[in-house]
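Note sheet for the following structure.
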Amino acid sequence: ASQRRWWKESTVYQIYPASFNDHADSGHGTLPGIIERVPYLQELGVDIIWLSPIYESPQADMGYDISDYQKIDPRYGTLEDWDNLRDACHERGMKLVMDLVVNHSSNEHAWFKESRSSKTNPKRDWYYWRKGSINEKGERVPPNNWEAMWGGSTWEYDEESDEYYLHLFAKQQPDLNWLNPEVREAVYKMMRWWLDRGADGFRMDVINFIDKAPGFPDAPTTNPYTVYQPFGPLSVGRPGVHTHLKEMHEKVLKDYDCFCVGECPGGDDPEAFAQYSKPENNELQMVFNFHHLGFDRARTSTIGRGWNPDWKLSDFKQVVNTWHVDLPKEGGWMSNYVDNHDQPRLLSRIGSDHPDHRARSAQAVAVFHTTLTGTIFVFQGQENGQINMPHSWGEEEYKDIESVEIFEGERERLKREGATQAEIDERIKWVLGNLRETARDNGRTPMQWDSSEHAGFSKGQPWMRVHDDYKQWNVKSQENDKQSVWSFWQAMLALRKKHLAIIYGKFIPLDESSEENYTYIREDEDTGEKLLVVLNLARGPDRTGLPIKVDLASMGVDTSNAQLIIANDGAEVGSGISGPLDLDNWGARVYLLQ
Ligand code: TEU
């Protein structure tokens with residue numbers, strides 16, 4: 001069984017700083033605004049705060065394009081504010097984890113400016129510069145066919161030197177060359193600087209992308225709808241990633257009792273992922289994987305964020321079950337998240353936005369999220385039941401660079417193909433329909449603190465529109481209501497600390513093919529503690545729920561000693577199970593079996 005560690009039992013809370021809390025009237029969140037809310041987070045049950053990037057940045061990608069790793073962007077405050085935030089956390093025994101974005105920098109970072117300045121600059125090799133070629137039509141073509149994450153080529157042409165530089169994301173985000181030891185040393189030095197200043201660790205952005213296939217070979221055609229092709233294994237999860245992480249551990253991390261989680265989109269199976277977090281490998285404590293969040297995405301399409309309205313609960317369960325069973329078996333540790341700043345809200349995906357069903361389904365999703373294996377990551381707004389952007393909002397409310405590029409990309413493609421204006425308008429309506437369900441913007445609307453103007457988020461005009469529902473759905477109206485979504489979250493986070501089978505126990509899925517119930521056992525073989533989780537995730541028409549019956553006996557569960565420990569449907573704590581369970585819409589229960 002897994003060894004006890006503080007970071008396994010901790011609750012991590014992700015703050016998306018632009019949308020968290022403004023202390024004045026700037027219209028975007030600030031560090032002093034975060035400091036005001038530290039006691040709030042402690043009250044909720046948070047142990048570790050992870051801050052999405054607050055460094056100096058031109059904000060092409062909301063700070064995931066950093067121009068100075070050791071400065072705070074003035075929109076968020078100053079280094080002194082950061083020191084104060086660190087103290088506010090540490091005084092309460094809480095930790096503060098920073099975002100480390102070193103697969104790429106901003107194109108406005110001094111390193112890149114130097115690198116770009118000439119072919120002979122000592123920093124030329126800090127980024128990937130390559131020659132293109134001329135095709136038979138006499139056109140200039142990039143060094144290979146890789147598609148950037150948000151469309152187009154991963155290569156940007158630089159006229160002055162007649163070479164291209166690599167950017168897996170936007171062209172404002174050139175990839176750093178991790179094969180260059182000077183780059184690695186510069187990154188390590190910067191990491192030590194933050195750790196010495198009191199940062200408690202890092203969340204490492206797309207850390208599994210830092211090693212690229214030598215020679216940059218073309219990617220196979222896997223998406224017939226686009227010219228450029230996903231780089232996939234040519235730049236994801238390559239062996240060099242592990243070499244670099246081991247060196248990072250040796251040169252930096254081993255000297256600190258810090259907490260590091262890598263972000264690893266794409267990639268392979270649990271066995272491959274376990275390599276990052278196996279203690280004997282000396283890499284990271286855990287990594288995020290993305291496999292469980294693809295269940296409602298259309299796989300191939302002209303747009304990178306297509307939605308599949310016919311998704312199945314059993315498909316979702318199957319992926320979750322595989323990872324929570326197999327990753328621990330392989331010796332890895334799970335970082336358990338369902339929402340973040342790059343995802344629509346899980347509540348709007350597997351739960352319900354319907355006014356009559358929202359609260360109950362938010363609680364069911366909370367029970368689900370909080371009873372999975374590993375270390376839990378709560379994203380701001382989960383605790384008060386925030387949902388995706390309203391259907392009525394137009395294209396202009398979508399601010400994310402990915403969404404903007406999707407709209408632009410579709411318009412350009414249709415114009416190229418000679419479509420009429422009416423056809424373009426129709427298609428853009430379709431794109432909007434997809435993004436309504438899938439866009440990253442959905443997780444980025446401002447925190448809804450209270451029912452005052454702008455939801456108490458800011459006294460100024462918010463950078464992103466506040467959800468229309470904030471008068472009913474805000475922290476203040478829920479904090480003191482024992483039945484609320486917020487109180488339920490608080491109770492569930494406390495429950496994790498009381499029943500360690502939730503953190504360390506085996507995950508045993510039941511009735512895997514059911515499209516209605518999600519049922520599983522969490523069993524700690526060392527302590528003998530055994531919990532049963534039963535969720536009604538059945539969906540009726542128009543995002544409503546459906547009452548169901550769950551027959552535990554037919555699943556082979558011995559319920560003779562069952563004792564209810566928490567429920568969202570009014571069932572009495574302490575009650576047992578006799579016969580099939582009747583679960584009302586979105587009912588969720590946790591029983592102690594022994
Ligand atoms: O995201 C990495 C990533 O690949 C996806 O999660 C991303 O949302 C992509 O658009 C999938 O279509 C990280 C950050 O979390 C994200 O905010 C950044 O934009 C990205 O890296 C680049 O730094």
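Chain labels run A, B, ... following the order of the structure tokens; each chain numbers its residues from 1, and ligands are numbered from 1 in the order shown.
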
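Excluding A:Ile508 itself and same-chain residues fewer than 4 positions from it, the residues having an atom within 9 Å of it are Asn321, His324, Val325, Thr519, Tyr520, Ile521, Arg522 and Glu523 of chain A, counting only C-alpha atoms.
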
Write the residues of the preceding selection, restricted to C-alpha atoms, as a tab-separated table (two decimals), in the first residue's frame.
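Final file, out.tsv:
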chain	number	residue	atom	x	y	z
A	321	ASN	CA	-12.35	3.34	-13.72
A	324	HIS	CA	-8.21	4.88	-10.82
A	325	VAL	CA	-7.72	1.12	-10.77
A	519	THR	CA	-21.23	2.81	-8.07
A	520	TYR	CA	-17.90	1.92	-6.53
A	521	ILE	CA	-16.17	0.78	-3.38
A	522	ARG	CA	-13.12	2.32	-1.78
A	523	GLU	CA	-11.28	-0.17	0.36

Legend entry - Residue set, stretch 403-518 of chain A restricted to helix (DSSP H, G or I), as a PyMOL selection string: chain A and resi 403-416+421-438+440-443+453-456+475-479+485-498+501-504

Would you mind exporting the chosen residues as a PDB file, in the first residue's frame, restricted to C-alpha atoms?
ATOM      1  CA  SER A 403     -11.699  30.068 -29.068  1.00  0.00           C
ATOM      2  CA  VAL A 404     -10.739  33.192 -31.010  1.00  0.00           C
ATOM      3  CA  GLU A 405      -8.441  31.141 -33.257  1.00  0.00           C
ATOM      4  CA  ILE A 406     -11.162  28.553 -33.821  1.00  0.00           C
ATOM      5  CA  PHE A 407     -13.655  31.215 -34.973  1.00  0.00           C
ATOM      6  CA  GLU A 408     -11.033  32.903 -37.165  1.00  0.00           C
ATOM      7  CA  GLY A 409      -9.774  29.602 -38.565  1.00  0.00           C
ATOM      8  CA  GLU A 410     -13.272  28.527 -39.628  1.00  0.00           C
ATOM      9  CA  ARG A 411     -14.022  31.901 -41.251  1.00  0.00           C
ATOM     10  CA  GLU A 412     -10.772  31.811 -43.209  1.00  0.00           C
ATOM     11  CA  ARG A 413     -11.280  28.224 -44.314  1.00  0.00           C
ATOM     12  CA  LEU A 414     -14.822  28.890 -45.561  1.00  0.00           C
ATOM     13  CA  LYS A 415     -13.775  32.036 -47.398  1.00  0.00           C
ATOM     14  CA  ARG A 416     -10.977  30.082 -49.066  1.00  0.00           C
ATOM     15  CA  GLN A 421     -21.910  34.857 -46.221  1.00  0.00           C
ATOM     16  CA  ALA A 422     -25.066  32.960 -45.262  1.00  0.00           C
ATOM     17  CA  GLU A 423     -23.125  29.689 -45.236  1.00  0.00           C
ATOM     18  CA  ILE A 424     -20.407  31.244 -43.108  1.00  0.00           C
ATOM     19  CA  ASP A 425     -22.966  32.609 -40.628  1.00  0.00           C
ATOM     20  CA  GLU A 426     -24.600  29.207 -40.386  1.00  0.00           C
ATOM     21  CA  ARG A 427     -21.284  27.511 -39.741  1.00  0.00           C
ATOM     22  CA  ILE A 428     -20.233  30.058 -37.112  1.00  0.00           C
ATOM     23  CA  LYS A 429     -23.516  29.388 -35.327  1.00  0.00           C
ATOM     24  CA  TRP A 430     -22.571  25.712 -35.314  1.00  0.00           C
ATOM     25  CA  VAL A 431     -19.084  26.513 -33.976  1.00  0.00           C
ATOM     26  CA  LEU A 432     -20.632  28.589 -31.196  1.00  0.00           C
ATOM     27  CA  GLY A 433     -22.934  25.679 -30.340  1.00  0.00           C
ATOM     28  CA  ASN A 434     -19.890  23.447 -29.928  1.00  0.00           C
ATOM     29  CA  LEU A 435     -17.857  25.953 -27.940  1.00  0.00           C
ATOM     30  CA  ARG A 436     -20.798  26.525 -25.621  1.00  0.00           C
ATOM     31  CA  GLU A 437     -20.136  22.981 -24.412  1.00  0.00           C
ATOM     32  CA  THR A 438     -16.373  22.683 -24.844  1.00  0.00           C
ATOM     33  CA  ARG A 440     -11.991  26.870 -22.123  1.00  0.00           C
ATOM     34  CA  ASP A 441     -13.847  30.156 -21.515  1.00  0.00           C
ATOM     35  CA  ASN A 442     -16.495  28.174 -19.629  1.00  0.00           C
ATOM     36  CA  GLY A 443     -14.172  27.723 -16.680  1.00  0.00           C
ATOM     37  CA  GLU A 453     -22.871  44.244  -8.836  1.00  0.00           C
ATOM     38  CA  HIS A 454     -20.386  42.082 -10.802  1.00  0.00           C
ATOM     39  CA  ALA A 455     -20.986  39.317  -8.251  1.00  0.00           C
ATOM     40  CA  GLY A 456     -18.678  41.059  -5.776  1.00  0.00           C
ATOM     41  CA  VAL A 475     -20.774  32.000  -2.278  1.00  0.00           C
ATOM     42  CA  LYS A 476     -22.459  34.338   0.172  1.00  0.00           C
ATOM     43  CA  SER A 477     -25.931  32.885  -0.276  1.00  0.00           C
ATOM     44  CA  GLN A 478     -24.569  29.365   0.255  1.00  0.00           C
ATOM     45  CA  GLU A 479     -21.929  29.641   2.970  1.00  0.00           C
ATOM     46  CA  VAL A 485     -23.714  23.085  -2.654  1.00  0.00           C
ATOM     47  CA  TRP A 486     -20.971  25.011  -0.836  1.00  0.00           C
ATOM     48  CA  SER A 487     -21.659  23.355   2.523  1.00  0.00           C
ATOM     49  CA  PHE A 488     -21.735  19.997   0.828  1.00  0.00           C
ATOM     50  CA  TRP A 489     -18.295  20.595  -0.637  1.00  0.00           C
ATOM     51  CA  GLN A 490     -16.987  21.626   2.747  1.00  0.00           C
ATOM     52  CA  ALA A 491     -18.421  18.448   4.285  1.00  0.00           C
ATOM     53  CA  MET A 492     -16.995  16.213   1.554  1.00  0.00           C
ATOM     54  CA  LEU A 493     -13.520  17.713   1.858  1.00  0.00           C
ATOM     55  CA  ALA A 494     -13.656  17.105   5.604  1.00  0.00           C
ATOM     56  CA  LEU A 495     -14.858  13.556   5.002  1.00  0.00           C
ATOM     57  CA  ARG A 496     -11.747  12.783   2.943  1.00  0.00           C
ATOM     58  CA  LYS A 497      -9.571  13.611   5.932  1.00  0.00           C
ATOM     59  CA  LYS A 498     -11.642  11.461   8.258  1.00  0.00           C
ATOM     60  CA  ALA A 501      -9.724   4.865   2.553  1.00  0.00           C
ATOM     61  CA  ILE A 502     -10.834   7.607   0.167  1.00  0.00           C
ATOM     62  CA  ILE A 503      -7.253   8.743  -0.271  1.00  0.00           C
ATOM     63  CA  TYR A 504      -5.319   5.489   0.041  1.00  0.00           C
TER      64      TYR A 504
END

How close does each residue of chain A get to ligand 1, giving the shortest atom pair and distance in Å to one decimal for every residue with an atom at most 10 Å away, counting only C-alpha atoms and all ligand atoms, sorted by chain and residue number, as CSV?
residue,atom,partner,partner_atom_place_in_ligand_line,distance
A:Tyr16,CA,ligand 1,17 (O),9.9
A:Ser52,CA,ligand 1,15 (O),8.3
A:Pro53,CA,ligand 1,17 (O),9.3
A:Ala60,CA,ligand 1,19 (O),9.3
A:Asp61,CA,ligand 1,19 (O),5.7
A:Met62,CA,ligand 1,17 (O),7.4
A:Gly63,CA,ligand 1,23 (O),8.2
A:Tyr64,CA,ligand 1,23 (O),4.5
A:Asp65,CA,ligand 1,23 (O),6.7
A:Ile66,CA,ligand 1,23 (O),9.4
A:Asp99,CA,ligand 1,15 (O),9.3
A:Leu100,CA,ligand 1,23 (O),9.6
A:Val101,CA,ligand 1,23 (O),6.5
A:Val102,CA,ligand 1,23 (O),8.6
A:Asn103,CA,ligand 1,23 (O),7.8
A:His104,CA,ligand 1,23 (O),7.4
A:Ser105,CA,ligand 1,23 (O),8.7
A:Ser106,CA,ligand 1,23 (O),9.8
A:Ala148,CA,ligand 1,10 (O),9.8
A:Met149,CA,ligand 1,12 (O),6.1
A:Trp150,CA,ligand 1,10 (O),6.5
A:Gly151,CA,ligand 1,12 (O),9.7
A:Leu168,CA,ligand 1,22 (C),8.4
A:Phe169,CA,ligand 1,22 (C),6.0
A:Ala170,CA,ligand 1,22 (C),8.0
A:Gln173,CA,ligand 1,23 (O),7.7
A:Arg203,CA,ligand 1,15 (O),9.6
A:Met204,CA,ligand 1,13 (C),9.0
A:Asp205,CA,ligand 1,13 (C),5.4
A:Val206,CA,ligand 1,2 (C),5.5
A:Ile207,CA,ligand 1,21 (O),9.1
A:Phe209,CA,ligand 1,4 (O),9.2
A:Glu263,CA,ligand 1,2 (C),7.3
A:Cys264,CA,ligand 1,2 (C),7.7
A:Pro265,CA,ligand 1,4 (O),5.4
A:Gly266,CA,ligand 1,4 (O),7.9
A:Asn289,CA,ligand 1,6 (O),9.7
A:Phe290,CA,ligand 1,6 (O),7.9
A:Gly304,CA,ligand 1,12 (O),6.5
A:Arg305,CA,ligand 1,12 (O),6.9
A:Asn340,CA,ligand 1,15 (O),8.0
A:His341,CA,ligand 1,17 (O),6.4
A:Asp342,CA,ligand 1,8 (O),4.4
A:Gln343,CA,ligand 1,8 (O),7.0
A:Asp400,CA,ligand 1,19 (O),8.8
A:Ile401,CA,ligand 1,19 (O),8.2
A:Glu402,CA,ligand 1,10 (O),6.2
A:Ser403,CA,ligand 1,10 (O),9.0
A:Thr438,CA,ligand 1,12 (O),9.6
A:Ala439,CA,ligand 1,8 (O),8.9
A:Arg440,CA,ligand 1,8 (O),6.7

Legend entry - Contacts of stretch 563-573 of chain A within 7 Å, only C-alpha atoms, excl. fewer than 5 positions in-chain, as a PyMOL selection string: chain A and resi 360+363+587-593

Legend entry - Minimum-distance residue to A:Asp469, chosen among A:Asp353, A:Phe377, A:Gly138, A:Met555 (using only C-alpha atoms): A:Asp353

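Of the residues under consideration (A:Lys459, A:Arg92, A:Arg116, A:Lys530), A:Lys459 shows the shortest atom-to-atom contact distance to A:Asn21 when counting only C-alpha atoms.
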
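Residue nearest A:Lys212, chosen from A:Gly385, A:Pro547, A:Pro39, A:Pro233 and counting only C-alpha atoms: A:Pro233.
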
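Near A:Ser301, within a cut-off of 10 Å and counting only C-alpha atoms, sit the residues Asn223, Pro224, Tyr225, Thr226, Gly306 and Trp307 of chain A, with same-chain residues fewer than 5 positions away left out.
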